[in-house]
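Novice: For reference, this is my_file-v9.pdb, and it has PDB, C-alpha atoms.
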```
ATOM      1  CA  MET A   1      -7.072 -15.626  23.037
ATOM      2  CA  ASP A   2      -9.539 -12.746  23.388
ATOM      3  CA  TYR A   3     -11.707 -13.269  20.308
ATOM      4  CA  LEU A   4     -13.870 -10.238  21.076
ATOM      5  CA  GLU A   5     -10.797  -8.003  20.999
ATOM      6  CA  LEU A   6      -9.705  -9.618  17.744
ATOM      7  CA  LEU A   7     -13.169  -9.068  16.279
ATOM      8  CA  ARG A   8     -13.081  -5.417  17.349
ATOM      9  CA  LEU A   9      -9.746  -4.857  15.610
ATOM     10  CA  LEU A  10     -10.667  -6.789  12.462
ATOM     11  CA  GLY A  11     -14.317  -5.837  12.144
ATOM     12  CA  GLY A  12     -13.810  -4.398   8.661
ATOM     13  CA  GLU A  13     -12.134  -7.549   7.392
ATOM     14  CA  VAL A  14     -14.859  -9.735   8.915
ATOM     15  CA  LEU A  15     -17.578  -7.729   7.178
ATOM     16  CA  VAL A  16     -15.843  -7.995   3.801
ATOM     17  CA  VAL A  17     -15.281 -11.758   4.202
ATOM     18  CA  ALA A  18     -18.960 -12.158   5.094
ATOM     19  CA  ALA A  19     -19.870 -10.235   1.944
ATOM     20  CA  ALA A  20     -17.616 -12.493  -0.165
ATOM     21  CA  LEU A  21     -19.350 -15.590   1.199
ATOM     22  CA  ALA A  22     -22.757 -13.962   0.707
ATOM     23  CA  VAL A  23     -21.929 -13.211  -2.941
ATOM     24  CA  LEU A  24     -21.058 -16.857  -3.551
ATOM     25  CA  PHE A  25     -24.217 -18.052  -1.806
ATOM     26  CA  VAL A  26     -26.470 -15.658  -3.703
ATOM     27  CA  ASP A  27     -24.951 -16.324  -7.115
ATOM     28  CA  LEU A  28     -24.386 -20.077  -6.869
ATOM     29  CA  GLY A  29     -27.386 -20.939  -4.733
ATOM     30  CA  ILE A  30     -30.089 -18.519  -5.867
ATOM     31  CA  MET A  31     -29.194 -16.600  -9.035
ATOM     32  CA  ARG A  32     -27.347 -19.214 -11.103
ATOM     33  CA  GLU A  33     -30.249 -19.739 -13.548
ATOM     34  CA  GLN A  34     -31.123 -16.043 -13.784
ATOM     35  CA  PRO A  35     -30.184 -13.809 -16.743
ATOM     36  CA  ALA A  36     -26.597 -12.598 -16.729
ATOM     37  CA  ARG A  37     -27.578  -8.951 -16.227
ATOM     38  CA  ASN A  38     -29.567  -9.798 -13.085
ATOM     39  CA  ARG A  39     -26.690 -11.841 -11.691
ATOM     40  CA  TRP A  40     -24.214  -8.996 -12.255
ATOM     41  CA  MET A  41     -26.510  -6.474 -10.585
ATOM     42  CA  ILE A  42     -27.489  -8.602  -7.560
ATOM     43  CA  SER A  43     -24.042 -10.068  -6.860
ATOM     44  CA  GLY A  44     -22.420  -6.697  -7.468
ATOM     45  CA  GLY A  45     -24.929  -5.073  -5.132
ATOM     46  CA  VAL A  46     -24.000  -7.479  -2.330
ATOM     47  CA  ALA A  47     -20.313  -6.744  -2.957
ATOM     48  CA  VAL A  48     -21.012  -3.001  -2.823
ATOM     49  CA  LEU A  49     -22.817  -3.385   0.509
ATOM     50  CA  GLY A  50     -19.860  -5.339   1.904
ATOM     51  CA  CYS A  51     -17.384  -2.650   0.821
ATOM     52  CA  ILE A  52     -19.532   0.127   2.269
ATOM     53  CA  ALA A  53     -19.962  -1.727   5.576
ATOM     54  CA  GLY A  54     -16.217  -2.289   5.860
ATOM     55  CA  LEU A  55     -15.554   1.315   4.874
ATOM     56  CA  PHE A  56     -17.829   2.664   7.611
ATOM     57  CA  TRP A  57     -16.163   0.390  10.165
ATOM     58  CA  CYS A  58     -12.731   1.731   9.212
ATOM     59  CA  VAL A  59     -13.656   5.420   9.338
ATOM     60  CA  GLN A  60     -15.618   5.332  12.586
ATOM     61  CA  GLY A  61     -12.449   5.916  14.639
ATOM     62  CA  GLY A  62     -11.457   4.720  18.084
ATOM     63  CA  VAL A  63     -10.315   1.267  16.910
ATOM     64  CA  GLU A  64      -6.677   0.900  17.962
ATOM     65  CA  GLY A  65      -4.491  -1.779  19.503
ATOM     66  CA  ARG A  66      -2.560  -4.974  18.803
ATOM     67  CA  SER A  67      -4.158  -8.339  18.278
ATOM     68  CA  PRO A  68      -3.448 -11.141  20.766
ATOM     69  CA  GLY A  69      -0.040 -12.546  19.900
ATOM     70  CA  GLY A  70       1.013  -9.344  18.132
ATOM     71  CA  LEU A  71       0.144 -10.601  14.645
ATOM     72  CA  LEU A  72      -1.645  -7.396  13.671
ATOM     73  CA  ALA A  73      -1.551  -3.767  14.767
ATOM     74  CA  VAL A  74      -4.349  -1.278  14.179
ATOM     75  CA  ASP A  75      -4.147   2.499  14.588
ATOM     76  CA  GLY A  76      -5.569   5.601  12.971
ATOM     77  CA  LEU A  77      -3.174   5.461  10.014
ATOM     78  CA  THR A  78      -3.869   1.812   9.193
ATOM     79  CA  GLN A  79      -7.612   2.442   9.394
ATOM     80  CA  LEU A  80      -7.249   5.365   6.992
ATOM     81  CA  VAL A  81      -5.273   3.271   4.491
ATOM     82  CA  LYS A  82      -7.790   0.432   4.816
ATOM     83  CA  ALA A  83     -10.597   2.865   4.041
ATOM     84  CA  ALA A  84      -8.730   4.086   0.953
ATOM     85  CA  LEU A  85      -8.194   0.501  -0.220
ATOM     86  CA  LEU A  86     -11.861  -0.361   0.285
ATOM     87  CA  LEU A  87     -12.820   2.725  -1.694
ATOM     88  CA  MET A  88     -10.636   1.500  -4.581
ATOM     89  CA  VAL A  89     -12.249  -1.946  -4.438
ATOM     90  CA  LEU A  90     -15.699  -0.344  -4.286
ATOM     91  CA  LEU A  91     -14.962   1.630  -7.450
ATOM     92  CA  THR A  92     -13.657  -1.558  -9.092
ATOM     93  CA  VAL A  93     -16.927  -3.320  -8.266
ATOM     94  CA  LEU A  94     -18.995  -0.429  -9.617
ATOM     95  CA  PHE A  95     -16.979  -0.302 -12.853
ATOM     96  CA  SER A  96     -17.566  -4.044 -13.286
ATOM     97  CA  PHE A  97     -21.380  -3.882 -13.253
ATOM     98  CA  HIS A  98     -21.842  -3.650 -17.011
ATOM     99  CA  ALA A  99     -18.659  -5.436 -18.080
ATOM    100  CA  GLY A 100     -20.107  -8.864 -18.805
ATOM    101  CA  PHE A 101     -16.725 -10.419 -19.640
ATOM    102  CA  THR A 102     -17.317 -13.661 -17.691
ATOM    103  CA  PRO A 103     -20.247 -15.908 -16.738
ATOM    104  CA  ASN A 104     -18.600 -16.621 -13.361
ATOM    105  CA  VAL A 105     -20.098 -13.596 -11.670
ATOM    106  CA  GLY A 106     -20.104 -14.797  -8.065
ATOM    107  CA  GLU A 107     -16.536 -16.018  -8.231
ATOM    108  CA  TYR A 108     -15.406 -12.715  -9.756
ATOM    109  CA  PHE A 109     -16.911 -10.478  -7.074
ATOM    110  CA  SER A 110     -15.919 -12.799  -4.220
ATOM    111  CA  LEU A 111     -12.298 -12.786  -5.415
ATOM    112  CA  LEU A 112     -12.352  -8.988  -5.550
ATOM    113  CA  LEU A 113     -13.515  -8.931  -1.940
ATOM    114  CA  LEU A 114     -10.909 -11.500  -0.871
ATOM    115  CA  ALA A 115      -8.233  -9.376  -2.534
ATOM    116  CA  ALA A 116      -9.541  -6.454  -0.475
ATOM    117  CA  VAL A 117      -9.252  -8.518   2.721
ATOM    118  CA  GLY A 118      -5.684  -9.460   1.827
ATOM    119  CA  MET A 119      -4.737  -5.830   1.259
ATOM    120  CA  MET A 120      -6.362  -4.790   4.537
ATOM    121  CA  LEU A 121      -4.414  -7.460   6.422
ATOM    122  CA  MET A 122      -1.206  -6.365   4.687
ATOM    123  CA  VAL A 123      -1.659  -2.882   6.094
ATOM    124  CA  SER A 124      -2.033  -4.206   9.662
ATOM    125  CA  SER A 125       0.636  -6.931   9.648
ATOM    126  CA  GLU A 126       3.367  -6.730  12.294
ATOM    127  CA  ASN A 127       4.416 -10.367  12.157
ATOM    128  CA  VAL A 128       6.544 -12.096   9.518
ATOM    129  CA  LEU A 129       3.978 -14.878   9.142
ATOM    130  CA  MET A 130       1.104 -12.442   8.603
ATOM    131  CA  VAL A 131       3.210 -10.375   6.204
ATOM    132  CA  PHE A 132       3.626 -13.369   3.919
ATOM    133  CA  VAL A 133       0.115 -14.814   4.312
ATOM    134  CA  SER A 134      -1.663 -11.502   3.686
ATOM    135  CA  LEU A 135       0.570 -10.691   0.716
ATOM    136  CA  GLU A 136      -0.086 -14.077  -0.881
ATOM    137  CA  LEU A 137      -3.843 -13.891  -0.224
ATOM    138  CA  THR A 138      -3.881 -10.666  -2.210
ATOM    139  CA  SER A 139      -1.585 -11.998  -4.918
ATOM    140  CA  LEU A 140      -3.423 -15.289  -5.474
ATOM    141  CA  SER A 141      -6.747 -13.477  -5.800
ATOM    142  CA  LEU A 142      -5.290 -11.052  -8.344
ATOM    143  CA  TYR A 143      -3.611 -13.833 -10.349
ATOM    144  CA  ILE A 144      -6.995 -15.485 -10.884
ATOM    145  CA  LEU A 145      -8.799 -12.204 -11.566
ATOM    146  CA  THR A 146      -6.255 -11.353 -14.270
ATOM    147  CA  ALA A 147      -7.428 -14.367 -16.282
ATOM    148  CA  PHE A 148     -11.157 -13.609 -15.976
ATOM    149  CA  ASN A 149     -11.517 -11.724 -19.262
ATOM    150  CA  GLU A 150     -12.613 -14.512 -21.606
ATOM    151  CA  GLU A 151     -12.962 -12.007 -24.453
ATOM    152  CA  ASN A 152      -9.228 -11.205 -24.375
ATOM    153  CA  PRO A 153      -7.037 -13.923 -25.935
ATOM    154  CA  HIS A 154      -4.030 -12.631 -23.981
ATOM    155  CA  GLY A 155      -5.727 -12.973 -20.592
ATOM    156  CA  LEU A 156      -4.403 -16.433 -19.715
ATOM    157  CA  GLU A 157      -0.899 -15.545 -20.896
ATOM    158  CA  ALA A 158      -0.947 -12.379 -18.793
ATOM    159  CA  ALA A 159      -2.160 -14.277 -15.723
ATOM    160  CA  LEU A 160       0.553 -16.922 -16.186
ATOM    161  CA  LYS A 161       3.307 -14.300 -16.441
ATOM    162  CA  TYR A 162       1.914 -12.482 -13.417
ATOM    163  CA  PHE A 163       1.817 -15.765 -11.481
ATOM    164  CA  LEU A 164       5.359 -16.804 -12.435
ATOM    165  CA  PHE A 165       6.885 -13.435 -11.573
ATOM    166  CA  GLY A 166       4.823 -13.308  -8.391
ATOM    167  CA  GLY A 167       6.047 -16.756  -7.391
ATOM    168  CA  VAL A 168       9.666 -15.687  -7.872
ATOM    169  CA  ALA A 169       9.009 -12.548  -5.820
ATOM    170  CA  ALA A 170       7.433 -14.625  -3.051
ATOM    171  CA  ALA A 171      10.501 -16.891  -2.990
ATOM    172  CA  PHE A 172      12.882 -13.925  -2.625
ATOM    173  CA  LEU A 173      10.716 -12.342   0.055
ATOM    174  CA  LEU A 174      10.271 -15.573   2.002
ATOM    175  CA  PHE A 175      14.020 -16.207   1.919
ATOM    176  CA  GLY A 176      14.700 -12.718   3.267
ATOM    177  CA  LEU A 177      12.085 -12.996   6.013
ATOM    178  CA  SER A 178      13.435 -16.434   6.952
ATOM    179  CA  LEU A 179      16.901 -14.938   7.407
ATOM    180  CA  LEU A 180      15.467 -12.264   9.711
ATOM    181  CA  TYR A 181      13.774 -14.984  11.742
ATOM    182  CA  GLY A 182      16.967 -17.034  11.860
ATOM    183  CA  LEU A 183      18.982 -14.052  13.091
ATOM    184  CA  THR A 184      16.614 -13.217  15.947
ATOM    185  CA  GLY A 185      14.438 -16.269  16.646
ATOM    186  CA  SER A 186      11.292 -14.139  16.503
ATOM    187  CA  LEU A 187       8.489 -13.574  13.996
ATOM    188  CA  ASP A 188       7.399 -10.260  15.541
ATOM    189  CA  LEU A 189       8.728  -7.268  13.589
ATOM    190  CA  ARG A 190       9.347  -5.173  16.701
ATOM    191  CA  GLU A 191      11.242  -7.986  18.407
ATOM    192  CA  ILE A 192      13.270  -8.545  15.232
ATOM    193  CA  ALA A 193      14.299  -4.866  15.211
ATOM    194  CA  ALA A 194      15.259  -5.047  18.893
ATOM    195  CA  GLY A 195      17.279  -8.219  18.328
ATOM    196  CA  LEU A 196      19.200  -6.740  15.399
ATOM    197  CA  ARG A 197      19.909  -3.365  16.992
ATOM    198  CA  GLY A 198      23.627  -2.693  17.308
ATOM    199  CA  ARG A 199      24.771  -5.775  15.392
ATOM    200  CA  GLY A 200      25.900  -3.880  12.317
ATOM    201  CA  ALA A 201      25.728  -4.964   8.703
ATOM    202  CA  THR A 202      26.536  -8.672   8.943
ATOM    203  CA  PRO A 203      26.457 -10.647   5.649
ATOM    204  CA  ALA A 204      23.276 -12.467   6.685
ATOM    205  CA  MET A 205      21.487  -9.263   7.639
ATOM    206  CA  SER A 206      22.607  -7.518   4.443
ATOM    207  CA  ALA A 207      21.317 -10.458   2.402
ATOM    208  CA  ALA A 208      18.001 -10.390   4.276
ATOM    209  CA  VAL A 209      17.483  -6.687   3.570
ATOM    210  CA  ALA A 210      18.417  -7.132  -0.101
ATOM    211  CA  LEU A 211      16.056 -10.094  -0.560
ATOM    212  CA  VAL A 212      13.162  -8.272   1.112
ATOM    213  CA  VAL A 213      13.683  -5.202  -1.099
ATOM    214  CA  VAL A 214      13.886  -7.381  -4.229
ATOM    215  CA  GLY A 215      10.741  -9.295  -3.253
ATOM    216  CA  PHE A 216       8.748  -6.124  -2.729
ATOM    217  CA  GLY A 217      10.319  -4.633  -5.857
ATOM    218  CA  PHE A 218       8.508  -7.290  -7.877
ATOM    219  CA  LYS A 219       5.242  -6.607  -6.057
ATOM    220  CA  VAL A 220       5.321  -2.852  -6.713
ATOM    221  CA  ALA A 221       6.667  -3.283 -10.278
ATOM    222  CA  ALA A 222       9.777  -1.205  -9.631
ATOM    223  CA  VAL A 223      12.493  -1.190 -12.294
ATOM    224  CA  PRO A 224      14.051  -3.675 -13.092
ATOM    225  CA  PHE A 225      11.397  -5.974 -11.591
ATOM    226  CA  HIS A 226       8.530  -4.581 -13.652
ATOM    227  CA  LEU A 227       8.538  -6.840 -16.713
ATOM    228  CA  TRP A 228       5.300  -8.589 -15.725
ATOM    229  CA  ALA A 229       3.285  -5.386 -15.419
ATOM    230  CA  PRO A 230       2.584  -4.390 -19.073
ATOM    231  CA  ASP A 231       1.314  -7.854 -20.013
ATOM    232  CA  ALA A 232      -0.781  -8.156 -16.856
ATOM    233  CA  TYR A 233      -2.401  -4.755 -17.373
ATOM    234  CA  GLU A 234      -3.111  -5.513 -21.030
ATOM    235  CA  GLY A 235      -4.572  -8.980 -20.475
ATOM    236  CA  ALA A 236      -6.591  -8.356 -17.310
ATOM    237  CA  PRO A 237     -10.157  -7.013 -17.319
ATOM    238  CA  THR A 238     -10.018  -3.221 -17.193
ATOM    239  CA  PRO A 239     -11.411  -2.918 -13.625
ATOM    240  CA  VAL A 240      -8.960  -5.556 -12.379
ATOM    241  CA  ALA A 241      -6.031  -3.852 -14.128
ATOM    242  CA  ALA A 242      -6.981  -0.621 -12.365
ATOM    243  CA  LEU A 243      -7.027  -2.386  -8.991
ATOM    244  CA  VAL A 244      -3.680  -4.102  -9.611
ATOM    245  CA  ALA A 245      -2.130  -0.780 -10.630
ATOM    246  CA  SER A 246      -3.510   1.104  -7.629
ATOM    247  CA  GLY A 247      -4.734  -0.868  -4.628
ATOM    248  CA  SER A 248      -2.115  -3.605  -4.617
ATOM    249  CA  LYS A 249       0.650  -1.014  -5.001
ATOM    250  CA  VAL A 250      -0.631   1.106  -2.103
ATOM    251  CA  ALA A 251      -0.851  -1.919   0.184
ATOM    252  CA  SER A 252       2.566  -3.235  -0.907
ATOM    253  CA  PHE A 253       4.298   0.118  -0.401
ATOM    254  CA  PHE A 254       2.729   0.484   3.043
ATOM    255  CA  LEU A 255       3.747  -3.046   4.028
ATOM    256  CA  LEU A 256       7.278  -2.506   2.699
ATOM    257  CA  GLY A 257       7.576   0.611   4.831
ATOM    258  CA  ARG A 258       6.325  -1.239   7.904
ATOM    259  CA  VAL A 259       8.765  -4.123   7.401
ATOM    260  CA  LEU A 260      11.753  -1.824   6.864
ATOM    261  CA  MET A 261      10.967   0.802   9.508
ATOM    262  CA  THR A 262       9.435  -1.462  12.169
ATOM    263  CA  GLY A 263      11.243  -4.741  11.521
ATOM    264  CA  LEU A 264      14.779  -3.383  11.088
ATOM    265  CA  PRO A 265      16.907  -1.246  13.423
ATOM    266  CA  PRO A 266      17.087   2.477  12.549
ATOM    267  CA  GLU A 267      20.741   2.283  11.479
ATOM    268  CA  ALA A 268      19.854  -0.167   8.677
ATOM    269  CA  GLY A 269      18.437   2.730   6.678
ATOM    270  CA  ASP A 270      21.468   5.001   7.022
ATOM    271  CA  PRO A 271      23.621   5.670   3.920
ATOM    272  CA  GLY A 272      26.764   4.500   5.738
ATOM    273  CA  TRP A 273      25.342   1.241   7.059
ATOM    274  CA  LEU A 274      27.177  -0.899   4.483
ATOM    275  CA  LYS A 275      30.838  -0.155   3.853
ATOM    276  CA  GLY A 276      31.136   1.134   0.328
ATOM    277  CA  GLY A 277      27.360   1.178  -0.064
ATOM    278  CA  GLY A 278      24.305   2.095   1.946
ATOM    279  CA  GLY A 279      21.274   0.841   3.815
ATOM    280  CA  TRP A 280      17.798   0.147   2.529
ATOM    281  CA  GLY A 281      17.212   3.879   2.114
ATOM    282  CA  LEU A 282      19.790   4.048  -0.669
ATOM    283  CA  ALA A 283      18.423   0.872  -2.289
ATOM    284  CA  LEU A 284      14.909   2.329  -2.396
ATOM    285  CA  ALA A 285      16.240   5.622  -3.767
ATOM    286  CA  VAL A 286      18.011   3.814  -6.618
ATOM    287  CA  LEU A 287      14.872   1.811  -7.472
ATOM    288  CA  ALA A 288      12.719   4.960  -7.357
ATOM    289  CA  VAL A 289      15.034   6.970  -9.629
ATOM    290  CA  ALA A 290      15.388   4.070 -12.075
ATOM    291  CA  SER A 291      11.608   3.624 -12.207
ATOM    292  CA  LEU A 292      11.015   7.337 -12.806
ATOM    293  CA  VAL A 293      13.685   7.683 -15.486
ATOM    294  CA  LEU A 294      12.844   4.515 -17.410
ATOM    295  CA  GLY A 295       9.108   5.144 -17.141
ATOM    296  CA  ASN A 296       9.365   8.640 -18.589
ATOM    297  CA  VAL A 297      11.862   7.653 -21.295
ATOM    298  CA  ALA A 298       9.642   4.751 -22.357
ATOM    299  CA  ALA A 299       6.607   7.045 -22.410
ATOM    300  CA  ILE A 300       8.335   9.341 -24.925
ATOM    301  CA  ALA A 301       8.430   6.531 -27.474
ATOM    302  CA  GLN A 302       4.743   5.672 -27.049
ATOM    303  CA  LYS A 303       2.291   6.798 -29.701
TER     304      LYS A 303
END
```
Could you write out this file's structure as structure tokens?
Specialist:
Amino acid sequence: MDYLELLRLLGGEVLVVAAALAVLFVDLGIMREQPARNRWMISGGVAVLGCIAGLFWCVQGGVEGRSPGGLLAVDGLTQLVKAALLLMVLLTVLFSFHAGFTPNVGEYFSLLLLAAVGMMLMVSSENVLMVFVSLELTSLSLYILTAFNEENPHGLEAALKYFLFGGVAAAFLLFGLSLLYGLTGSLDLREIAAGLRGRGATPAMSAAVALVVVGFGFKVAAVPFHLWAPDAYEGAPTPVAALVASGSKVASFFLLGRVLMTGLPPEAGDPGWLKGGGGWGLALAVLAVASLVLGNVAAIAQK
């Protein structure tokens, strides 16, 4: 494996991981006995530097290619989305400076950075294994961050609901991805699409598409898979709730699009793919309309 090529493609992620480790070292090894305000400022400053370094790496341009083994793919679009995600995490870190809702400062900022790494890997994933690993790295970090607000009595309950719904979503998604692997014998999304091309809507393939859409439906809080979202937003620290509502959704939508458009043959999205129904395009349209209608109707009743 060409590790230099891998480092070139994943330079932004490496910088953010290094910052996460540096935050833990500074807070646990040097600043643990310092006043809380100093710990928030120093650890947050290291996290800010890590986000800025990763952001500059992503916007510099000229970084394109596939990693050895085809696990990840990097191009101009993925770098742009990574930069947007890092900007969201940077704002989350800045909004957290004066929060003071937990004494576990180093752990808080390091988990924010690890969530950023997970979202960046989600954007680049072109392999079923990396799709699941990157998605769960992001999810596990956000589950823990949701429970960090010790001043909110609903924080632990919100984190538990988020975790339980997320676990169910992961099971659906993993089942669907496993079916795609079983149908083609490959973990690479492009090879999966090539292997499925021309087969038509077999029961196994239809089930795989449905399970993948349901799994991502939970992750993006689409109706009717959104029941975890209100409690999670209410119980999480305000900066974390903002990141869950923005960054994780952007990364999940991008990854969903990559899985459906890169990992499935083009005909799977056509309205006439399923007899009496439609492909994943129709399924996404139904979820989008339901989310828009229910969201606006529910907003009318709010005070």
Novice: Take every atom of region 246-250 of chain A listed in the file, pad by 4 Å on each side, and give me the axis-aligned box centre and edge lengths in Å, one decimal, as AutoDock Vina command-line options.
Specialist:
```
--center_x -2.0 --center_y -1.2 --center_z -4.9 --size_x 13.4 --size_y 12.7 --size_z 13.5
```
Novice: Might you pull out every residue within 9 Å of Ala73 (chain A), with only C-alpha atoms counted and same-chain residues fewer than 6 positions away left off, and present them as a list in words?
Specialist: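 Here the answer would be Leu9, Glu64, Gly65, Arg66, Ser67, Val123, Ser124, Ser125 and Glu126 of chain A.
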Novice: Would you please work out which residue, of A:His226, A:Pro153, A:Ala283, A:Leu180, is nearest to Val213 (chain A) when using all atoms listed in the file?
Specialist: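 Looking only at the distances to Val213 (chain A), the closest residue turns out to be A:Ala283.
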Novice: Pull out every residue that the PyMOL selection byres ((chain A and resi 253) around 10) matches in the shown coordinates and put them as a PyMOL selection string.
Specialist: chain A and resi 122-123+216-217+219-220+248-252+254-259
Novice: Those residues you just picked out, can you put them in a file as an mmCIF file, keeping the file's coordinate frame with C-alpha atoms?
Specialist:
```cif
data_model
loop_
_atom_site.group_PDB
_atom_site.id
_atom_site.type_symbol
_atom_site.label_atom_id
_atom_site.label_comp_id
_atom_site.auth_asym_id
_atom_site.auth_seq_id
_atom_site.Cartn_x
_atom_site.Cartn_y
_atom_site.Cartn_z
ATOM 1 C CA MET A 122 -1.206 -6.365 4.687
ATOM 2 C CA VAL A 123 -1.659 -2.882 6.094
ATOM 3 C CA PHE A 216 8.748 -6.124 -2.729
ATOM 4 C CA GLY A 217 10.319 -4.633 -5.857
ATOM 5 C CA LYS A 219 5.242 -6.607 -6.057
ATOM 6 C CA VAL A 220 5.321 -2.852 -6.713
ATOM 7 C CA SER A 248 -2.115 -3.605 -4.617
ATOM 8 C CA LYS A 249 0.650 -1.014 -5.001
ATOM 9 C CA VAL A 250 -0.631 1.106 -2.103
ATOM 10 C CA ALA A 251 -0.851 -1.919 0.184
ATOM 11 C CA SER A 252 2.566 -3.235 -0.907
ATOM 12 C CA PHE A 254 2.729 0.484 3.043
ATOM 13 C CA LEU A 255 3.747 -3.046 4.028
ATOM 14 C CA LEU A 256 7.278 -2.506 2.699
ATOM 15 C CA GLY A 257 7.576 0.611 4.831
ATOM 16 C CA ARG A 258 6.325 -1.239 7.904
ATOM 17 C CA VAL A 259 8.765 -4.123 7.401
#
```
Novice: Name the residues captured by the PyMOL selection byres ((chain A and resi 291) around 12) when it is applied to the shown file; answer as a compact mmCIF listing (two decimals) with C-alpha atoms, keeping the file's coordinate frame.
Specialist:
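Saved to part_37.txt:
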```
# COMPACT_ATOMS: atom_id res chain seq x y z
CA GLY A 217 10.32 -4.63 -5.86
CA VAL A 220 5.32 -2.85 -6.71
CA ALA A 221 6.67 -3.28 -10.28
CA ALA A 222 9.78 -1.20 -9.63
CA VAL A 223 12.49 -1.19 -12.29
CA PRO A 224 14.05 -3.68 -13.09
CA PHE A 225 11.40 -5.97 -11.59
CA HIS A 226 8.53 -4.58 -13.65
CA LEU A 227 8.54 -6.84 -16.71
CA LEU A 284 14.91 2.33 -2.40
CA ALA A 285 16.24 5.62 -3.77
CA VAL A 286 18.01 3.81 -6.62
CA LEU A 287 14.87 1.81 -7.47
CA ALA A 288 12.72 4.96 -7.36
CA VAL A 289 15.03 6.97 -9.63
CA ALA A 290 15.39 4.07 -12.08
CA LEU A 292 11.02 7.34 -12.81
CA VAL A 293 13.68 7.68 -15.49
CA LEU A 294 12.84 4.51 -17.41
CA GLY A 295 9.11 5.14 -17.14
CA ASN A 296 9.36 8.64 -18.59
CA VAL A 297 11.86 7.65 -21.30
CA ALA A 298 9.64 4.75 -22.36
CA ALA A 299 6.61 7.04 -22.41
```
Novice: I need the residue set behind the PyMOL selection byres ((chain A and resi 23) around 10) for this file; please write it as number ranges by chain.
Specialist: A: 17-22, 24-29, 42-47, 50, 105-111, 113
